Amino acid sequence: MGAGIAQVLSQTAKLDVTLVDMNEDLTKKSMKKMDGLLEKNVTKGKMTAEERTQTMSRIRTGTQLSELSDCDFVIEAVTENFNVKKTIFSQLSEIVKPHAILASNTSSISITKISAITNRPDKVIGMHFMNPVPVMKLVEVINGLGTSKETEKITLELAEKMGKITAKADDRPGFIANRLLLPYLNEAIFALQDGIGKREDIDTTMKLGCNMPMGPLQLADFIGLDTCLFILNVMHSELGDRYRPAPLLIKYVDAGYLGVKSGRGFYTYESKQK
């Protein structure tokens with residue numbers, strides 16, 4: 001998702017971007033994929049070849065957090081795991097300039113809890129993008145307990161420059177989107193586990209019977225079953241048993257069946273998503 005955020009920051013907001021990932025090979029693949037998507041946009045007449053070149057030229061890549069030292073606004077988009085985020089935010093708060101804002105793309109973890117790790121809780125905010133970022137218009141904006149009005153104002157302005165529509169959510173597990181979405185996906189997994197219907201029947205029912213653009217099991221595969229489990233675990237621990245992850249979901253994640261990105265989830269896919 002980080003590459004998608006970087007693309008929109010460059011392509012739509014026309015900002016210089018530094019994309020950092022410790023895995024250099026993954027970053028190269030992400031940039032290659034981005035360039036391919038932009039090339040398709042040129043072919044379809046959605047942008048010019050010059051705009052494509054400029055979009056790519058505004059993005060530089062790196063493998064060390066220290067390469068973000070001159071950035072004014074940092075958006076973290078790592079896995080939905082508090083311990084991983086804790087390490088990153090602890091380091092970032094010592095690396096970036098005092099005025100720099102630290103945003104998290106977390107989809108469920110408390111912004112207040114994340115901000116407490118840093119030396120600048122007033123400059124920490126949630127900026128939850130939807131996947132795929134270049135396509136989905138919404139960004140949830142979440143203030144922590146100490147987030148300043150100035151930080152919120154700058155974040156909302158940035159989202160607008162990116163062509164996004166914002167929804168402000170309270171700092172509670174799952175915020176708005178996943179507080180509503182994950183129980184729906186989880187219940188579909190329970191339905192599959194309990195034999196209420198086959199995977200295709202469950203997805204077809206929700207698509208054709210409830211006018212959903214994608215079935216819940218297919219959507220869970222697209223999001224990543226490990227990500228779904230991370231979010232449900234947060235909600236379960238803080239909100240109670242009605243958010244208990246389906247045992248089948250846990251079993252799939254334990255088996256490495258993570259959805260599209262691993263090549264297998266509730267469905268199988270020809271190649272892993274890189």
# chains A, B, ... in the order shown; residues from 1 in each chain; ligands from 1
>>> residues_around(residues="range 156-158 of chain A", least_positions_apart="3", cutoff="10 Å", atoms="only C-alpha atoms", output="PyMOL selection string")
chain A and resi 9+13+73+127+139-141+150-153+161-168
>>> write_last_selection(atoms="C-alpha atoms", output="PDB file, in the first residue's frame")
ATOM      1  CA  LEU A   9       1.353  11.945  -3.544  1.00  0.00           C
ATOM      2  CA  ALA A  13      -0.500  16.181  -5.227  1.00  0.00           C
ATOM      3  CA  PHE A  73       5.238  14.674   6.602  1.00  0.00           C
ATOM      4  CA  MET A 127      -4.448   8.596   7.931  1.00  0.00           C
ATOM      5  CA  VAL A 139      -9.180   8.482   3.681  1.00  0.00           C
ATOM      6  CA  GLU A 140     -10.167   8.109   7.315  1.00  0.00           C
ATOM      7  CA  VAL A 141      -8.526  10.769   9.498  1.00  0.00           C
ATOM      8  CA  GLU A 150      -2.745  22.343  13.342  1.00  0.00           C
ATOM      9  CA  THR A 151      -1.727  18.738  12.661  1.00  0.00           C
ATOM     10  CA  GLU A 152      -5.304  17.868  11.751  1.00  0.00           C
ATOM     11  CA  LYS A 153      -5.565  20.916   9.464  1.00  0.00           C
ATOM     12  CA  LYS A 161      -4.266  17.757  -2.516  1.00  0.00           C
ATOM     13  CA  MET A 162      -4.202  13.986  -3.091  1.00  0.00           C
ATOM     14  CA  GLY A 163      -7.729  14.160  -4.463  1.00  0.00           C
ATOM     15  CA  LYS A 164      -9.182  12.274  -1.510  1.00  0.00           C
ATOM     16  CA  ILE A 165     -12.435  12.648   0.385  1.00  0.00           C
ATOM     17  CA  THR A 166     -11.943  12.485   4.138  1.00  0.00           C
ATOM     18  CA  ALA A 167     -14.059  11.031   6.929  1.00  0.00           C
ATOM     19  CA  LYS A 168     -13.117  11.849  10.511  1.00  0.00           C
TER      20      LYS A 168
END
>>> residues_around(residues="Glu39 in chain A", least_positions_apart="4", cutoff="10 Å", atoms="only C-alpha atoms", output="list of chain:residue names")
A:Lys33, A:Met34, A:Asp35, A:Thr43, A:Lys44, A:Gly45, A:Lys46, A:Met47, A:Thr48, A:Ala49, A:Arg52, A:Thr53
>>> write_last_selection(atoms="all heavy atoms", output="mmCIF file, in the first residue's frame")
data_model
loop_
_atom_site.group_PDB
_atom_site.id
_atom_site.type_symbol
_atom_site.label_atom_id
_atom_site.label_comp_id
_atom_site.auth_asym_id
_atom_site.auth_seq_id
_atom_site.Cartn_x
_atom_site.Cartn_y
_atom_site.Cartn_z
ATOM 1 N N LYS A 33 5.983 -1.990 -11.008
ATOM 2 C CA LYS A 33 4.536 -2.162 -11.146
ATOM 3 C C LYS A 33 3.854 -0.806 -11.322
ATOM 4 O O LYS A 33 2.951 -0.647 -12.156
ATOM 5 C CB LYS A 33 3.978 -2.876 -9.917
ATOM 6 C CG LYS A 33 2.474 -3.085 -9.953
ATOM 7 C CD LYS A 33 1.994 -3.800 -8.699
ATOM 8 C CE LYS A 33 0.478 -3.972 -8.717
ATOM 9 N NZ LYS A 33 -0.013 -4.649 -7.484
ATOM 10 N N MET A 34 4.299 0.195 -10.529
ATOM 11 C CA MET A 34 3.733 1.536 -10.630
ATOM 12 C C MET A 34 3.944 2.105 -12.025
ATOM 13 O O MET A 34 3.012 2.659 -12.623
ATOM 14 C CB MET A 34 4.389 2.457 -9.593
ATOM 15 C CG MET A 34 3.806 3.856 -9.536
ATOM 16 S SD MET A 34 4.803 4.997 -8.536
ATOM 17 C CE MET A 34 4.890 4.129 -6.968
ATOM 18 N N ASP A 35 5.154 1.958 -12.560
ATOM 19 C CA ASP A 35 5.455 2.477 -13.882
ATOM 20 C C ASP A 35 4.578 1.800 -14.940
ATOM 21 O O ASP A 35 4.106 2.438 -15.885
ATOM 22 C CB ASP A 35 6.935 2.257 -14.200
ATOM 23 C CG ASP A 35 7.388 3.056 -15.412
ATOM 24 O OD1 ASP A 35 6.912 4.186 -15.598
ATOM 25 O OD2 ASP A 35 8.221 2.536 -16.173
ATOM 26 N N THR A 43 -1.564 4.922 -22.289
ATOM 27 C CA THR A 43 -2.170 4.227 -23.437
ATOM 28 C C THR A 43 -3.668 4.515 -23.528
ATOM 29 O O THR A 43 -4.221 4.665 -24.627
ATOM 30 C CB THR A 43 -1.942 2.705 -23.308
ATOM 31 O OG1 THR A 43 -0.546 2.434 -23.245
ATOM 32 C CG2 THR A 43 -2.545 1.969 -24.496
ATOM 33 N N LYS A 44 -4.319 4.622 -22.363
ATOM 34 C CA LYS A 44 -5.754 4.863 -22.324
ATOM 35 C C LYS A 44 -6.099 6.346 -22.459
ATOM 36 O O LYS A 44 -7.280 6.710 -22.467
ATOM 37 C CB LYS A 44 -6.346 4.320 -21.018
ATOM 38 C CG LYS A 44 -6.274 2.807 -20.897
ATOM 39 C CD LYS A 44 -6.807 2.351 -19.548
ATOM 40 C CE LYS A 44 -6.732 0.829 -19.402
ATOM 41 N NZ LYS A 44 -7.219 0.375 -18.059
ATOM 42 N N GLY A 45 -5.076 7.193 -22.515
ATOM 43 C CA GLY A 45 -5.316 8.619 -22.659
ATOM 44 C C GLY A 45 -5.667 9.325 -21.366
ATOM 45 O O GLY A 45 -6.144 10.468 -21.381
ATOM 46 N N LYS A 46 -5.413 8.679 -20.255
ATOM 47 C CA LYS A 46 -5.740 9.268 -18.955
ATOM 48 C C LYS A 46 -4.654 10.217 -18.468
ATOM 49 O O LYS A 46 -4.874 11.004 -17.549
ATOM 50 C CB LYS A 46 -5.979 8.166 -17.919
ATOM 51 C CG LYS A 46 -7.201 7.307 -18.204
ATOM 52 C CD LYS A 46 -7.408 6.264 -17.120
ATOM 53 C CE LYS A 46 -8.667 5.439 -17.375
ATOM 54 N NZ LYS A 46 -8.869 4.420 -16.306
ATOM 55 N N MET A 47 -3.453 10.105 -19.026
ATOM 56 C CA MET A 47 -2.366 11.002 -18.700
ATOM 57 C C MET A 47 -1.395 11.016 -19.873
ATOM 58 O O MET A 47 -1.449 10.129 -20.742
ATOM 59 C CB MET A 47 -1.648 10.567 -17.406
ATOM 60 C CG MET A 47 -0.894 9.245 -17.514
ATOM 61 S SD MET A 47 -0.264 8.612 -15.903
ATOM 62 C CE MET A 47 0.574 10.022 -15.229
ATOM 63 N N THR A 48 -0.530 12.019 -19.916
ATOM 64 C CA THR A 48 0.449 12.106 -20.994
ATOM 65 C C THR A 48 1.727 11.365 -20.607
ATOM 66 O O THR A 48 1.964 11.069 -19.426
ATOM 67 C CB THR A 48 0.805 13.569 -21.291
ATOM 68 O OG1 THR A 48 1.494 14.122 -20.164
ATOM 69 C CG2 THR A 48 -0.450 14.375 -21.588
ATOM 70 N N ALA A 49 2.551 11.083 -21.612
ATOM 71 C CA ALA A 49 3.834 10.433 -21.348
ATOM 72 C C ALA A 49 4.701 11.311 -20.455
ATOM 73 O O ALA A 49 5.439 10.808 -19.592
ATOM 74 C CB ALA A 49 4.547 10.144 -22.670
ATOM 75 N N ARG A 52 3.597 10.970 -16.881
ATOM 76 C CA ARG A 52 4.095 9.696 -16.346
ATOM 77 C C ARG A 52 5.551 9.834 -15.919
ATOM 78 O O ARG A 52 5.921 9.423 -14.820
ATOM 79 C CB ARG A 52 3.948 8.608 -17.406
ATOM 80 C CG ARG A 52 4.669 7.304 -17.070
ATOM 81 C CD ARG A 52 4.841 6.441 -18.304
ATOM 82 N NE ARG A 52 5.677 5.296 -18.070
ATOM 83 C CZ ARG A 52 6.199 4.547 -19.037
ATOM 84 N NH1 ARG A 52 5.960 4.843 -20.310
ATOM 85 N NH2 ARG A 52 6.962 3.524 -18.754
ATOM 86 N N THR A 53 6.366 10.425 -16.779
ATOM 87 C CA THR A 53 7.785 10.608 -16.468
ATOM 88 C C THR A 53 7.968 11.472 -15.232
ATOM 89 O O THR A 53 8.783 11.169 -14.345
ATOM 90 C CB THR A 53 8.514 11.251 -17.666
ATOM 91 O OG1 THR A 53 8.384 10.399 -18.796
ATOM 92 C CG2 THR A 53 9.991 11.464 -17.358
#
>>> select_by_dssp(residues="range 55-186 of chain A", states="alpha helix (DSSP H)", output="VMD selection string")
chain A and resid 55 to 57 82 to 95 111 to 115 149 to 161 177 to 186
>>> residues_around(residues="range 212-223 of chain A", least_positions_apart="4", cutoff="8 Å", atoms="only C-alpha atoms", output="ChimeraX atom specification")
/A:131,184-185,188-189,199,202-208,227-228,258-261,265-267
>>> residues_around(residues="Ser148 in chain A", least_positions_apart="3", cutoff="12 Å", atoms="only C-alpha atoms", output="NGL selection string")
:A and (101 or 115 or 120-125 or 142-145 or 151-155)
>>> atom_distance(atom1="CA of Gly4 in chain A", atom2="CA of Arg264 in chain A")
22.7 Å
>>> atom_distance(atom1="CA of Lys29 in chain A", atom2="CA of Asn41 in chain A")
18.6 Å
>>> closest_residue(among="A:Ile111, A:Leu182, A:Ile250, A:Met130", to="Ala169 in chain A", atoms="only C-alpha atoms")
A:Ile111
>>> atom_distance(atom1="CA of Glu76 in chain A", atom2="CA of Lys32 in chain A")
21.1 Å
>>> residues_around(residues="Glu50 in chain A", least_positions_apart="5", cutoff="12 Å", atoms="only C-alpha atoms", output="PyMOL selection string")
chain A and resi 11+38-39+41-42+55-57
>>> residues_around(residues="Gln64 in chain A", least_positions_apart="5", cutoff="8 Å", atoms="only C-alpha atoms", output="VMD selection string")
chain A and resid 20 to 22
>>> write_last_selection(atoms="N, CA and C atoms", output="PDB file, in the first residue's frame")
ATOM      1  N   VAL A  20      10.403   4.450   1.435  1.00  0.00           N
ATOM      2  CA  VAL A  20      11.388   3.648   2.160  1.00  0.00           C
ATOM      3  C   VAL A  20      10.833   2.272   2.496  1.00  0.00           C
ATOM      4  N   ASP A  21      11.590   1.256   2.156  1.00  0.00           N
ATOM      5  CA  ASP A  21      11.281  -0.121   2.549  1.00  0.00           C
ATOM      6  C   ASP A  21      12.604  -0.838   2.748  1.00  0.00           C
ATOM      7  N   MET A  22      12.727  -1.590   3.836  1.00  0.00           N
ATOM      8  CA  MET A  22      13.972  -2.291   4.117  1.00  0.00           C
ATOM      9  C   MET A  22      14.293  -3.333   3.054  1.00  0.00           C
TER      10      MET A  22
END
>>> residues_around(residues="Val133 in chain A", least_positions_apart="6", cutoff="8 Å", atoms="only C-alpha atoms", output="NGL selection string")
:A and (1 or 4-5 or 8)
>>> closest_residue(among="A:Ala246, A:Ile117, A:Ala3, A:Leu138", to="Leu225 in chain A", atoms="only C-alpha atoms")
A:Ala246
>>> select_by_dssp(residues="range 28-255 of chain A", states="strand (DSSP E or B)", output="VMD selection string")
chain A and resid 59 to 62 73 to 76 101 to 104 124 to 129 138 to 143 165 to 169
>>> write_last_selection(atoms="N, CA and C atoms", output="mmCIF file, in the first residue's frame")
data_model
loop_
_atom_site.group_PDB
_atom_site.id
_atom_site.type_symbol
_atom_site.label_atom_id
_atom_site.label_comp_id
_atom_site.auth_asym_id
_atom_site.auth_seq_id
_atom_site.Cartn_x
_atom_site.Cartn_y
_atom_site.Cartn_z
ATOM 1 N N ILE A 59 9.594 10.538 -7.263
ATOM 2 C CA ILE A 59 9.692 9.511 -6.214
ATOM 3 C C ILE A 59 11.104 8.948 -6.168
ATOM 4 N N ARG A 60 11.753 9.069 -5.036
ATOM 5 C CA ARG A 60 13.037 8.400 -4.834
ATOM 6 C C ARG A 60 12.843 7.320 -3.777
ATOM 7 N N THR A 61 13.646 6.301 -3.848
ATOM 8 C CA THR A 61 13.484 5.172 -2.941
ATOM 9 C C THR A 61 14.696 5.016 -2.029
ATOM 10 N N GLY A 62 14.485 4.322 -0.918
ATOM 11 C CA GLY A 62 15.556 4.059 0.027
ATOM 12 C C GLY A 62 15.239 2.862 0.889
ATOM 13 N N PHE A 73 6.423 15.486 6.304
ATOM 14 C CA PHE A 73 5.238 14.674 6.602
ATOM 15 C C PHE A 73 5.589 13.228 6.266
ATOM 16 N N VAL A 74 5.468 12.340 7.247
ATOM 17 C CA VAL A 74 5.806 10.930 7.052
ATOM 18 C C VAL A 74 4.552 10.084 7.256
ATOM 19 N N ILE A 75 4.273 9.191 6.312
ATOM 20 C CA ILE A 75 3.127 8.287 6.426
ATOM 21 C C ILE A 75 3.658 6.861 6.548
ATOM 22 N N GLU A 76 3.408 6.237 7.674
ATOM 23 C CA GLU A 76 3.809 4.834 7.910
ATOM 24 C C GLU A 76 2.734 3.915 7.369
ATOM 25 N N ILE A 101 5.302 15.963 10.838
ATOM 26 C CA ILE A 101 4.121 15.219 11.260
ATOM 27 C C ILE A 101 4.319 13.739 10.958
ATOM 28 N N LEU A 102 3.915 12.880 11.891
ATOM 29 C CA LEU A 102 4.005 11.433 11.728
ATOM 30 C C LEU A 102 2.592 10.868 11.637
ATOM 31 N N ALA A 103 2.240 10.337 10.475
ATOM 32 C CA ALA A 103 0.907 9.764 10.268
ATOM 33 C C ALA A 103 1.013 8.253 10.161
ATOM 34 N N SER A 104 -0.004 7.566 10.642
ATOM 35 C CA SER A 104 -0.050 6.108 10.513
ATOM 36 C C SER A 104 -1.216 5.708 9.635
ATOM 37 N N VAL A 124 1.139 13.549 15.808
ATOM 38 C CA VAL A 124 0.848 12.189 15.357
ATOM 39 C C VAL A 124 -0.644 12.083 15.036
ATOM 40 N N ILE A 125 -0.957 11.459 13.894
ATOM 41 C CA ILE A 125 -2.348 11.394 13.447
ATOM 42 C C ILE A 125 -2.557 10.121 12.626
ATOM 43 N N GLY A 126 -3.786 9.665 12.549
ATOM 44 C CA GLY A 126 -4.115 8.521 11.713
ATOM 45 C C GLY A 126 -4.574 8.981 10.340
ATOM 46 N N MET A 127 -4.076 8.294 9.311
ATOM 47 C CA MET A 127 -4.448 8.596 7.931
ATOM 48 C C MET A 127 -4.652 7.259 7.241
ATOM 49 N N HIS A 128 -5.862 6.707 7.374
ATOM 50 C CA HIS A 128 -6.152 5.355 6.898
ATOM 51 C C HIS A 128 -6.651 5.383 5.458
ATOM 52 N N PHE A 129 -5.767 4.977 4.547
ATOM 53 C CA PHE A 129 -6.108 4.908 3.126
ATOM 54 C C PHE A 129 -6.802 3.582 2.814
ATOM 55 N N LEU A 138 -11.548 7.386 -0.491
ATOM 56 C CA LEU A 138 -11.678 7.715 0.936
ATOM 57 C C LEU A 138 -10.365 7.637 1.705
ATOM 58 N N VAL A 139 -10.219 8.569 2.657
ATOM 59 C CA VAL A 139 -9.180 8.482 3.681
ATOM 60 C C VAL A 139 -9.841 8.775 5.024
ATOM 61 N N GLU A 140 -9.720 7.846 5.952
ATOM 62 C CA GLU A 140 -10.167 8.109 7.315
ATOM 63 C C GLU A 140 -9.082 8.896 8.039
ATOM 64 N N VAL A 141 -9.464 9.963 8.716
ATOM 65 C CA VAL A 141 -8.526 10.769 9.498
ATOM 66 C C VAL A 141 -8.882 10.620 10.962
ATOM 67 N N ILE A 142 -7.883 10.229 11.770
ATOM 68 C CA ILE A 142 -8.130 9.920 13.173
ATOM 69 C C ILE A 142 -7.173 10.697 14.063
ATOM 70 N N ASN A 143 -7.722 11.513 14.934
ATOM 71 C CA ASN A 143 -6.904 12.236 15.908
ATOM 72 C C ASN A 143 -6.642 11.366 17.124
ATOM 73 N N ILE A 165 -11.336 12.202 -0.472
ATOM 74 C CA ILE A 165 -12.435 12.648 0.385
ATOM 75 C C ILE A 165 -12.169 12.088 1.779
ATOM 76 N N THR A 166 -12.283 12.918 2.790
ATOM 77 C CA THR A 166 -11.943 12.485 4.138
ATOM 78 C C THR A 166 -13.193 12.231 4.986
ATOM 79 N N ALA A 167 -13.046 11.290 5.901
ATOM 80 C CA ALA A 167 -14.059 11.031 6.929
ATOM 81 C C ALA A 167 -13.322 11.014 8.260
ATOM 82 N N LYS A 168 -13.770 11.796 9.204
ATOM 83 C CA LYS A 168 -13.117 11.849 10.511
ATOM 84 C C LYS A 168 -13.720 10.790 11.428
ATOM 85 N N ALA A 169 -12.855 9.985 12.019
ATOM 86 C CA ALA A 169 -13.299 8.911 12.910
ATOM 87 C C ALA A 169 -12.693 9.098 14.290
#
>>> closest_residue(among="A:Asp171, A:Thr63, A:Gln7, A:Phe190", to="Ser30 in chain A", atoms="only C-alpha atoms")
A:Gln7
>>> closest_residue(among="A:Pro173, A:Gly2, A:Pro245, A:Gly256", to="Ala77 in chain A", atoms="only C-alpha atoms")
A:Gly2
>>> decode(residues="range 248-262 of chain A", atoms="N, CA and C atoms", output="PDB file, in the first residue's frame")
ATOM      1  N   LEU A 248     -11.614 -20.689  11.415  1.00  0.00           N
ATOM      2  CA  LEU A 248     -11.148 -21.001  10.066  1.00  0.00           C
ATOM      3  C   LEU A 248     -10.177 -19.938   9.557  1.00  0.00           C
ATOM      4  N   LEU A 249     -10.429 -18.690   9.904  1.00  0.00           N
ATOM      5  CA  LEU A 249      -9.522 -17.610   9.517  1.00  0.00           C
ATOM      6  C   LEU A 249      -8.155 -17.811  10.164  1.00  0.00           C
ATOM      7  N   ILE A 250      -8.156 -18.132  11.427  1.00  0.00           N
ATOM      8  CA  ILE A 250      -6.900 -18.382  12.141  1.00  0.00           C
ATOM      9  C   ILE A 250      -6.141 -19.542  11.505  1.00  0.00           C
ATOM     10  N   LYS A 251      -6.886 -20.592  11.162  1.00  0.00           N
ATOM     11  CA  LYS A 251      -6.259 -21.774  10.559  1.00  0.00           C
ATOM     12  C   LYS A 251      -5.620 -21.432   9.216  1.00  0.00           C
ATOM     13  N   TYR A 252      -6.316 -20.642   8.392  1.00  0.00           N
ATOM     14  CA  TYR A 252      -5.765 -20.263   7.086  1.00  0.00           C
ATOM     15  C   TYR A 252      -4.489 -19.437   7.240  1.00  0.00           C
ATOM     16  N   VAL A 253      -4.499 -18.499   8.164  1.00  0.00           N
ATOM     17  CA  VAL A 253      -3.310 -17.662   8.381  1.00  0.00           C
ATOM     18  C   VAL A 253      -2.151 -18.518   8.893  1.00  0.00           C
ATOM     19  N   ASP A 254      -2.437 -19.435   9.808  1.00  0.00           N
ATOM     20  CA  ASP A 254      -1.393 -20.334  10.316  1.00  0.00           C
ATOM     21  C   ASP A 254      -0.786 -21.172   9.192  1.00  0.00           C
ATOM     22  N   ALA A 255      -1.609 -21.509   8.205  1.00  0.00           N
ATOM     23  CA  ALA A 255      -1.146 -22.333   7.085  1.00  0.00           C
ATOM     24  C   ALA A 255      -0.408 -21.517   6.021  1.00  0.00           C
ATOM     25  N   GLY A 256      -0.425 -20.193   6.178  1.00  0.00           N
ATOM     26  CA  GLY A 256       0.209 -19.336   5.178  1.00  0.00           C
ATOM     27  C   GLY A 256      -0.692 -18.999   4.011  1.00  0.00           C
ATOM     28  N   TYR A 257      -1.979 -19.308   4.149  1.00  0.00           N
ATOM     29  CA  TYR A 257      -2.958 -18.965   3.113  1.00  0.00           C
ATOM     30  C   TYR A 257      -3.445 -17.544   3.386  1.00  0.00           C
ATOM     31  N   LEU A 258      -2.780 -16.566   2.814  1.00  0.00           N
ATOM     32  CA  LEU A 258      -3.031 -15.170   3.169  1.00  0.00           C
ATOM     33  C   LEU A 258      -3.865 -14.411   2.144  1.00  0.00           C
ATOM     34  N   GLY A 259      -4.256 -15.103   1.073  1.00  0.00           N
ATOM     35  CA  GLY A 259      -5.043 -14.448   0.041  1.00  0.00           C
ATOM     36  C   GLY A 259      -4.240 -14.197  -1.212  1.00  0.00           C
ATOM     37  N   VAL A 260      -4.564 -13.120  -1.915  1.00  0.00           N
ATOM     38  CA  VAL A 260      -3.943 -12.812  -3.206  1.00  0.00           C
ATOM     39  C   VAL A 260      -2.425 -12.734  -3.079  1.00  0.00           C
ATOM     40  N   LYS A 261      -1.932 -12.097  -2.030  1.00  0.00           N
ATOM     41  CA  LYS A 261      -0.490 -11.860  -1.931  1.00  0.00           C
ATOM     42  C   LYS A 261       0.321 -13.138  -1.750  1.00  0.00           C
ATOM     43  N   SER A 262      -0.286 -14.211  -1.267  1.00  0.00           N
ATOM     44  CA  SER A 262       0.440 -15.475  -1.104  1.00  0.00           C
ATOM     45  C   SER A 262       0.087 -16.482  -2.201  1.00  0.00           C
TER      46      SER A 262
END
